[in-house]
Structure formats: structure tokens, C-alpha cells
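Trainee: Mind looking over this structure? Questions follow.
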Amino acid sequence: MAMAKLTIDGTDSATLTTDGHEVDLPVITGSEGEVGVNISKVRAQTGTITLDVGFGNTGSCQSDITFIDGEQGILRYRGYSIEDLCEHSSFIEVSYLLIHGNLPTAKELQQFEYDLKHHSLLHEDMKKFFENYPRKAHPMSVLSSMVTTLSTFYPESTEADQIDLNIIRLMAKLDTLTAFSYRKSVGQPYVYPQNHLSFTANFLNMMFALPTEPYQVSPTLERAMDLLLILHADHEQNCSTSTVRMVGSSGANLFASISSGISALSGPLHGGANQAVINMLQMIVDDGGDYEKYMAKAKDKSDPFRLMGFGHRVYKNFDPRARIIKKAADDVLDELGIEDPLLDVAKHLERIALEDEYFVARRLYPNVDFYSGILYRAMGIPTNMFTVMFAMGRLPGWIAQWKEMRSDPATKIFRPRQIYTGPTYRAYTPIENR
Ligand code: ACO
């Protein structure tokens, strides 16, 4: 195998030596000291590309939005730690922070809340779409389709104020779309947004209020929901966010880009993991609660079973979101007096995995999804809606990343290369000779 050699010459340049070529490459250092070698000119100068399947070692952009240190378990939005934001802030304030770059003043926050409330209604014609989805349709599929549908009601504009208006519309309407898709799936009448309620309380009201009895939003659930949304609000260049940027890099509109992100999030290795965790815990409980058996299956390489909710591409010591959410799950279950056999199994699995050689050696720890499902369950959210909750939380992050990508003069259409490994030239064989 031919080899190349990369030498970092100090802090601002590197040299790549490959097959007789020597190329000087700029080194970029981020505000937290992260170092990246800019390889964008390597192909032009040497005819060689870099190969990084899964992009685990590739930066696709420079970004001011979210900082993660996977070794130390640090997550910050625009410089503010996730712990501080969870303790002091609200999802709406965090959304403003992500989208606009700074915490809002009292006046800015008030205006933002006002705008969100006054754009939360859906065009009545949009309700007709819900009528035609099969009742068993997965809510993530309904959500991504409905977000694309928004672009047919609110055509794209290149004017900054129109883009800002579409951002408000999307933030305001996603909750209504989510709640309506749930009501449709259980055959109940839609509940319209109520402007006297907070953003989160309004969502819970649209989900659970019935015309037959008064519904009071529990402050415990309201706070827990807000916390869950904050924890999921951004996570830099993960699969769905990179999808939003990739689709948006072609000039596709906000709704189309976010809809693609929702589709990417639906996979079980990404946002779908919280649903997969509950399904796994339920399977273990139904099978008599023998968690040791499932630990053994997770470690057996010939068995496709994986311990869902464990492991993370970036966090290799602990996921800071999992710590916060674990405590919140305990508090909510205590306050609501809920005993959940799934939580017991989850705790056993976590305890064993944290001491087990297989998991310790591979640095596999519980991720945010390991406990979020338990919390959603306690709140009465059905399992197939968990990933939709994740999408609601991630929306301001996707919007911030889309906006940043659009305003960055360095943005080009995403167009990765490949190493072709298929057949070399073959002469066409007429069908009668095959
Ligand atoms: N259970 C058992 N073994 C695991 C698990 C797991 N959950 N996760 C990783 N491993 C093993 C792999 O088999 C591999 O072992 P090997 O080195 O002996 O071959 C090693 O740990 C490294 O795993 P990779 O899959 O290479 O790690 P990667 O960084 O590519 O994957 C991922 C990360 C996808 C999250 C993985 O850990 C996984 O599938 N976890 C379960 C799904 C999950 O919880 N996803 C949610 C992620 S968080 C989020 O999206 C919000």
C-alpha cells in the first residue's frame, strides 16, 4: 500500500508528502484550541483525495454555534454550558441563543415569544393532509412530509426578513404539526394552540387536553419537557445536522433542508435510538428481566444485538446530557409516584455495563437516549413519538446551522469524492450473449 506522510509544522502550517509530491497545507485553530489541517487543495495539487468513511476525522465547516469536547464530556451552545442552560434557561431562550448568537434581552425574548405564539396556527388547508395519512403512519414520516408541505404554503424568498419570518413560522408550527399528527393517530380531535400558555405548556395541552374534561398542565411535566428540548437543541455536525447543511448547500429552501434532517434523525442509530431503547427494555422485561443474558448478547460479535442507548461517536467518557437527564427522570418519576419496571432494568444494565471489561475497553457509556425514553414514557408520550420530540428539540440547532451555512461566504455545494472500486472498463454485451 502506498503511504502518505502528514507533518504538522508548528501551529499554522502542515506538509503532506505523497507519491513524490509535497504540499503545504494551512492549519486552522479553533477558539477552543481544536486543530484542523485544511486539505481542500490536496486533490488539485496532487491528484489524490483523502478518504474518511463516516467522516469521523473530517471537519465539514467552521462553526460558531456548538462546542463539544468528547473526552471531557463538555457541551456548550454559543459558549454557555449545557449545565448552566438547563439550570437557568428555557427552551425558547436557548432557541433564540442558537439562532441569533446571543442570549436575548428581556425585550427581545418577549418579542420572540410573541412572534412564535402568533404564527403557531396551521393554515386550515394543511389539516386535510393529515386526513390522508394511514392511521399507523410513523409520526416521523408524517412530520418530515408536513415540513416539506410548509414550503408549498410559504414560498422561499432570498430576502433576509422573509427568511427570518419563515424561521419563526417553522419554529412556531412544528409543535402544532407534531401534536396534530399525534391526535390524528389516536383518532382524537385537534386542539388548537392557546396563546396564554408557555411554549412547552401549549404543546402539552395540544397533545393531551380533551374536550370532555379540564386539563391542567403539570408544572413538573412542563419543566421536564423544557429540559429535554434544551438538551437536544444542538449537537454540532452530527448525521441530521450535516444532512440539513448538505441539502441546504444546494440552495434548497429552509423547509426542504429541515425536512431532510428529520428523515436523517429517524434512523435507529441516531434519533430513533430513544425508541429502540424502550423497545429493548420492554423486550428484556417481557423475557423475564434476565438482563445478564442481554449483556452477553451485546458482547457476542456473532449476535447483531447491541445495547441501545450505549456508545457515542463523540463522547468517550460520559455524555453530559445523560447525567442531567438521568436525574430529571428520577425526579419526575418520584414526583409523579410512577414505578417503572423498565427503569429498574435500565439501572441494572447501566451498573453492569459501567464495570464490564467489554464496555469499559470500548469506552461505551449511556448516551442521552438511554434515559430520555423513560422520561417521555412517564410524561405519557407514546413510544413512536419519542423521535419526534427529539426533532422538536433539535429544530433551533438545525435552523442555526442552516442559517450559518447560508451566510458563510466559504460555503460551496457539498460534493464529496470517492475511491472507485468497481469493475474497470467492460465492453457492452448484447442481451442474447449474456
Ligand atoms: N452495544 C454493544 N457494542 C457496541 C455498542 C453497543 N451499543 N456500541 C458500540 N459497540 C462496539 C462495536 O461493536 C465496536 O466493537 P469492536 O471494536 O470490537 O468492533 C466498538 O464498540 C466501537 O463501535 P462503533 O460502532 O465502531 O462506534 P461508532 O462510533 O461508529 O458508533 C454508535 C457509535 C452508532 C452510537 C454506536 O455506539 C451504537 O450503535 N450505539 C447504539 C445506538 C445508539 O444508542 N445510538 C444513539 C447515539 S446518540 C444520538 O444519536 C443522539
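Residue numbering restarts at 1 in every chain; chains get A, B, ... in the order shown in the C-alpha cells, and ligands count up from 1 in that same order.
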Check which residues of chain A sit at most 9 Å from ligand 1 using only C-alpha atoms and all ligand atoms, and return one row each with the closest pair of atoms and their distance in Å to one decimal, ordered by chain and rising number, as JSON lines.

Mentor:
{"residue": "A:Gly54", "atom": "CA", "partner": "ligand 1", "partner_atom_place_in_ligand_line": "30 (O)", "distance": 8.0}
{"residue": "A:Gly56", "atom": "CA", "partner": "ligand 1", "partner_atom_place_in_ligand_line": "29 (O)", "distance": 8.1}
{"residue": "A:His232", "atom": "CA", "partner": "ligand 1", "partner_atom_place_in_ligand_line": "51 (C)", "distance": 7.9}
{"residue": "A:His235", "atom": "CA", "partner": "ligand 1", "partner_atom_place_in_ligand_line": "51 (C)", "distance": 8.5}
{"residue": "A:Asn238", "atom": "CA", "partner": "ligand 1", "partner_atom_place_in_ligand_line": "50 (O)", "distance": 7.8}
{"residue": "A:Cys239", "atom": "CA", "partner": "ligand 1", "partner_atom_place_in_ligand_line": "50 (O)", "distance": 8.1}
{"residue": "A:Leu265", "atom": "CA", "partner": "ligand 1", "partner_atom_place_in_ligand_line": "50 (O)", "distance": 7.8}
{"residue": "A:Gly267", "atom": "CA", "partner": "ligand 1", "partner_atom_place_in_ligand_line": "50 (O)", "distance": 8.9}
{"residue": "A:Pro268", "atom": "CA", "partner": "ligand 1", "partner_atom_place_in_ligand_line": "45 (N)", "distance": 6.6}
{"residue": "A:Leu269", "atom": "CA", "partner": "ligand 1", "partner_atom_place_in_ligand_line": "45 (N)", "distance": 4.3}
{"residue": "A:His270", "atom": "CA", "partner": "ligand 1", "partner_atom_place_in_ligand_line": "50 (O)", "distance": 3.5}
{"residue": "A:Gly271", "atom": "CA", "partner": "ligand 1", "partner_atom_place_in_ligand_line": "50 (O)", "distance": 5.0}
{"residue": "A:Gly272", "atom": "CA", "partner": "ligand 1", "partner_atom_place_in_ligand_line": "46 (C)", "distance": 7.5}
{"residue": "A:Ala273", "atom": "CA", "partner": "ligand 1", "partner_atom_place_in_ligand_line": "45 (N)", "distance": 4.9}
{"residue": "A:Asn274", "atom": "CA", "partner": "ligand 1", "partner_atom_place_in_ligand_line": "46 (C)", "distance": 7.4}
{"residue": "A:Ala276", "atom": "CA", "partner": "ligand 1", "partner_atom_place_in_ligand_line": "42 (C)", "distance": 8.1}
{"residue": "A:Val277", "atom": "CA", "partner": "ligand 1", "partner_atom_place_in_ligand_line": "44 (O)", "distance": 7.5}
{"residue": "A:Met295", "atom": "CA", "partner": "ligand 1", "partner_atom_place_in_ligand_line": "2 (C)", "distance": 8.4}
{"residue": "A:Lys297", "atom": "CA", "partner": "ligand 1", "partner_atom_place_in_ligand_line": "2 (C)", "distance": 8.5}
{"residue": "A:Ala298", "atom": "CA", "partner": "ligand 1", "partner_atom_place_in_ligand_line": "2 (C)", "distance": 4.7}
{"residue": "A:Lys299", "atom": "CA", "partner": "ligand 1", "partner_atom_place_in_ligand_line": "2 (C)", "distance": 5.8}
{"residue": "A:Asp300", "atom": "CA", "partner": "ligand 1", "partner_atom_place_in_ligand_line": "2 (C)", "distance": 8.4}
{"residue": "A:Lys301", "atom": "CA", "partner": "ligand 1", "partner_atom_place_in_ligand_line": "13 (O)", "distance": 7.1}
{"residue": "A:Pro304", "atom": "CA", "partner": "ligand 1", "partner_atom_place_in_ligand_line": "2 (C)", "distance": 8.9}
{"residue": "A:Phe305", "atom": "CA", "partner": "ligand 1", "partner_atom_place_in_ligand_line": "1 (N)", "distance": 7.3}
{"residue": "A:Arg306", "atom": "CA", "partner": "ligand 1", "partner_atom_place_in_ligand_line": "1 (N)", "distance": 3.8}
{"residue": "A:Leu307", "atom": "CA", "partner": "ligand 1", "partner_atom_place_in_ligand_line": "1 (N)", "distance": 4.0}
{"residue": "A:Met308", "atom": "CA", "partner": "ligand 1", "partner_atom_place_in_ligand_line": "41 (C)", "distance": 4.3}
{"residue": "A:Gly309", "atom": "CA", "partner": "ligand 1", "partner_atom_place_in_ligand_line": "44 (O)", "distance": 3.3}
{"residue": "A:Phe310", "atom": "CA", "partner": "ligand 1", "partner_atom_place_in_ligand_line": "7 (N)", "distance": 4.3}
{"residue": "A:Gly311", "atom": "CA", "partner": "ligand 1", "partner_atom_place_in_ligand_line": "37 (O)", "distance": 3.5}
{"residue": "A:His312", "atom": "CA", "partner": "ligand 1", "partner_atom_place_in_ligand_line": "35 (C)", "distance": 4.0}
{"residue": "A:Arg313", "atom": "CA", "partner": "ligand 1", "partner_atom_place_in_ligand_line": "29 (O)", "distance": 3.4}
{"residue": "A:Val314", "atom": "CA", "partner": "ligand 1", "partner_atom_place_in_ligand_line": "29 (O)", "distance": 7.0}
{"residue": "A:Tyr315", "atom": "CA", "partner": "ligand 1", "partner_atom_place_in_ligand_line": "29 (O)", "distance": 9.0}
{"residue": "A:Tyr358", "atom": "CA", "partner": "ligand 1", "partner_atom_place_in_ligand_line": "3 (N)", "distance": 8.0}
{"residue": "A:Phe359", "atom": "CA", "partner": "ligand 1", "partner_atom_place_in_ligand_line": "3 (N)", "distance": 7.2}
{"residue": "A:Ala361", "atom": "CA", "partner": "ligand 1", "partner_atom_place_in_ligand_line": "21 (O)", "distance": 8.7}
{"residue": "A:Arg362", "atom": "CA", "partner": "ligand 1", "partner_atom_place_in_ligand_line": "21 (O)", "distance": 5.3}
{"residue": "A:Arg363", "atom": "CA", "partner": "ligand 1", "partner_atom_place_in_ligand_line": "21 (O)", "distance": 7.7}
{"residue": "A:Leu364", "atom": "CA", "partner": "ligand 1", "partner_atom_place_in_ligand_line": "8 (N)", "distance": 6.4}
{"residue": "A:Tyr365", "atom": "CA", "partner": "ligand 1", "partner_atom_place_in_ligand_line": "7 (N)", "distance": 8.6}
{"residue": "A:Pro366", "atom": "CA", "partner": "ligand 1", "partner_atom_place_in_ligand_line": "44 (O)", "distance": 7.8}
{"residue": "A:Asn367", "atom": "CA", "partner": "ligand 1", "partner_atom_place_in_ligand_line": "48 (S)", "distance": 5.6}
{"residue": "A:Val368", "atom": "CA", "partner": "ligand 1", "partner_atom_place_in_ligand_line": "51 (C)", "distance": 6.2}
{"residue": "A:Asp369", "atom": "CA", "partner": "ligand 1", "partner_atom_place_in_ligand_line": "51 (C)", "distance": 6.1}
{"residue": "A:Phe370", "atom": "CA", "partner": "ligand 1", "partner_atom_place_in_ligand_line": "44 (O)", "distance": 7.1}
{"residue": "A:Phe390", "atom": "CA", "partner": "ligand 1", "partner_atom_place_in_ligand_line": "51 (C)", "distance": 8.5}

Trainee: Identify, on the basis of only C-alpha atoms, every residue whose closest approach to A:Ile413 does not exceed 9 Å; exclude the query and any residue fewer than 5 positions from it along the same chain; express the result as a list in words.

Mentor: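 Residues meeting the cut-off are Met246, Val247, Gly248, Ser249, Ser250 and Gly251 of chain A.
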
Trainee: I want to know what sits within 10 Å of A:Pro104, based on only C-alpha atoms, with residues of the same chain fewer than 5 positions away left out; could you give that as a list in words?

Mentor: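 Non-adjacent residues within range: Ile92, Glu93, Val94, Ser95, Tyr96, Leu97, Leu109, Gln110, Gln111 and Phe112 of chain A.
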
Trainee: Pull the alpha helix (DSSP H) assignments for stretch 297-326 of chain A out of DSSP run on the backbone, and list those residues as a list in words.

Mentor: Lys297, Ala298, Lys299, Pro320, Arg321, Ala322, Arg323, Ile324, Ile325 and Lys326 of chain A

Trainee: In Å to one decimal, how far is atom CA of A:Ala160 from atom CA of A:Phe199?

Mentor: 25.1 Å

Trainee: Just want the 8 Å neighbourhood of stretch 123-135 of chain A, counted on only C-alpha atoms, with same-chain residues fewer than 3 positions away dropped. Output as a list in words.

Mentor: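 My list of contacting residues is Val142, Phe180, Ser181, Lys184, Ser185 and Val186 of chain A.
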
Trainee: Restricted to N, CA, C and O atoms, what would the selected residues look like written as a PDB file, in the first residue's frame?

Mentor:
ATOM      1  N   VAL A 142     -44.663  11.424   8.910  1.00  0.00           N
ATOM      2  CA  VAL A 142     -45.682  12.465   8.756  1.00  0.00           C
ATOM      3  C   VAL A 142     -45.035  13.834   8.961  1.00  0.00           C
ATOM      4  O   VAL A 142     -45.244  14.770   8.179  1.00  0.00           O
ATOM      5  N   PHE A 180     -50.831  17.658  16.225  1.00  0.00           N
ATOM      6  CA  PHE A 180     -51.926  17.250  15.334  1.00  0.00           C
ATOM      7  C   PHE A 180     -51.681  15.832  14.805  1.00  0.00           C
ATOM      8  O   PHE A 180     -52.613  15.044  14.684  1.00  0.00           O
ATOM      9  N   SER A 181     -50.426  15.509  14.487  1.00  0.00           N
ATOM     10  CA  SER A 181     -50.177  14.168  13.944  1.00  0.00           C
ATOM     11  C   SER A 181     -50.451  13.108  15.015  1.00  0.00           C
ATOM     12  O   SER A 181     -50.954  12.028  14.729  1.00  0.00           O
ATOM     13  N   LYS A 184     -54.289  12.824  15.430  1.00  0.00           N
ATOM     14  CA  LYS A 184     -54.829  12.063  14.291  1.00  0.00           C
ATOM     15  C   LYS A 184     -54.577  10.562  14.508  1.00  0.00           C
ATOM     16  O   LYS A 184     -55.456   9.727  14.288  1.00  0.00           O
ATOM     17  N   SER A 185     -53.361  10.217  15.004  1.00  0.00           N
ATOM     18  CA  SER A 185     -53.011   8.797  15.140  1.00  0.00           C
ATOM     19  C   SER A 185     -53.853   8.103  16.212  1.00  0.00           C
ATOM     20  O   SER A 185     -54.039   6.896  16.164  1.00  0.00           O
ATOM     21  N   VAL A 186     -54.374   8.881  17.187  1.00  0.00           N
ATOM     22  CA  VAL A 186     -55.221   8.255  18.205  1.00  0.00           C
ATOM     23  C   VAL A 186     -56.708   8.557  17.974  1.00  0.00           C
ATOM     24  O   VAL A 186     -57.555   8.238  18.810  1.00  0.00           O
TER      25      VAL A 186
END

Trainee: For atom CA of A:Ile28 and atom CA of A:Ser60, quote the distance in Å rounded to one decimal.

Mentor: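 Distance reported for this atom pair: 12.7 Å.
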
Trainee: Would you mind listing what lies within 12 Å of A:Pro211 as a list of chain:residue names, with only C-alpha atoms counted and same-chain residues fewer than 4 positions away left out?

Mentor: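 Once the nearby chain positions are removed, what remains is A:Gln188, A:Pro189, A:Tyr190, A:Val191, A:Tyr192, A:Asn205, A:Met206, A:Tyr215.
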
Trainee: Take atom CA of A:Ser151 and atom CA of A:Ile258 and report the distance between them in Å, one decimal.

Mentor: 10.8 Å

Trainee: Set out as a tab-separated table a contact list for stretch 67-168 of chain A and stretch 217-228 of chain A with a cut-off of 10 Å, giving each residue of stretch 67-168 of chain A that qualifies its closest atom pair and distance in Å to one decimal, counting only C-alpha atoms, ordered by chain and rising residue number.

Mentor:
residue	atom	partner	partner_atom	distance
A:Leu85	CA	A:Leu227	CA	9.1
A:Cys86	CA	A:Leu227	CA	6.1
A:Glu87	CA	A:Leu227	CA	8.7
A:Ser89	CA	A:Leu227	CA	9.0
A:Ser90	CA	A:Asp226	CA	6.4
A:Phe91	CA	A:Asp226	CA	5.6
A:Ile92	CA	A:Asp226	CA	8.7

Trainee: Would you mind listing what lies within 7 Å of A:Ser257 as a list in words, with only C-alpha atoms counted and same-chain residues fewer than 3 positions away left out?

Mentor: Val244, Val247, Gly248, Ala252, Asn253, Leu254, Ser260 and Gly261 of chain A

Trainee: May I have the residues within 7 Å of stretch 279-286 of chain A as a PyMOL selection string, using only C-alpha atoms and disregarding those fewer than 3 positions away in the same chain?

Mentor: chain A and resi 275-276+289-291+342+345-346

Trainee: Name the closest residue to A:Asp115 among the candidates A:Glu34, A:Val360, A:Ile419, A:Asn195; distances are taken between atoms, counting only C-alpha atoms.

Mentor: A:Asn195

Trainee: Please report, as a short mmCIF file (atom, residue, chain, number, x, y, z; two decimals) with C-alpha atoms, in the first residue's frame, each residue of stretch 11-209 of chain A to which DSSP assigns strand (DSSP E) when run on this structure's backbone.

Mentor:
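And here's selection.cif as it stands now:
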data_model
loop_
_atom_site.label_atom_id
_atom_site.label_comp_id
_atom_site.auth_asym_id
_atom_site.auth_seq_id
_atom_site.Cartn_x
_atom_site.Cartn_y
_atom_site.Cartn_z
CA SER A 13 1.02 25.00 8.56
CA ALA A 14 1.39 21.32 7.72
CA THR A 15 3.11 19.38 4.96
CA LEU A 16 1.64 16.37 3.20
CA THR A 17 4.10 14.17 1.36
CA THR A 18 2.57 11.68 -1.04
CA HIS A 21 4.50 15.41 -4.14
CA GLU A 22 4.94 17.72 -1.20
CA VAL A 23 2.10 20.09 -0.41
CA ASP A 24 1.98 22.85 2.17
CA LEU A 25 -1.37 22.95 3.92
CA PRO A 26 -2.83 25.65 6.14
CA VAL A 27 -3.66 24.70 9.72
CA ILE A 28 -6.80 26.20 11.24
CA THR A 29 -7.08 26.54 15.03
CA VAL A 35 -6.63 22.00 15.27
CA GLY A 36 -7.61 21.10 11.70
CA VAL A 37 -5.45 20.69 8.62
CA THR A 66 -21.79 24.47 19.48
CA PHE A 67 -18.64 23.21 21.16
CA ILE A 68 -18.23 19.59 22.23
CA ASP A 69 -15.24 18.04 23.97
CA ILE A 74 -18.29 19.19 27.61
CA LEU A 75 -21.25 20.55 25.63
CA ARG A 76 -21.73 24.31 25.15
CA TYR A 77 -24.13 26.31 22.99
CA TYR A 80 -22.76 28.60 27.54
CA SER A 81 -22.51 25.22 29.28
#

Trainee: Return the single residue from A:Gln418, A:Thr50, A:Thr411, A:Thr383 that is closest to A:Arg245, with distances computed using only C-alpha atoms.

Mentor: A:Thr411

Trainee: Pick the closest to A:Pro320 from A:Ala179, A:Asp84, A:Ala378, A:Leu98: which is it, counting only C-alpha atoms?

Mentor: A:Asp84
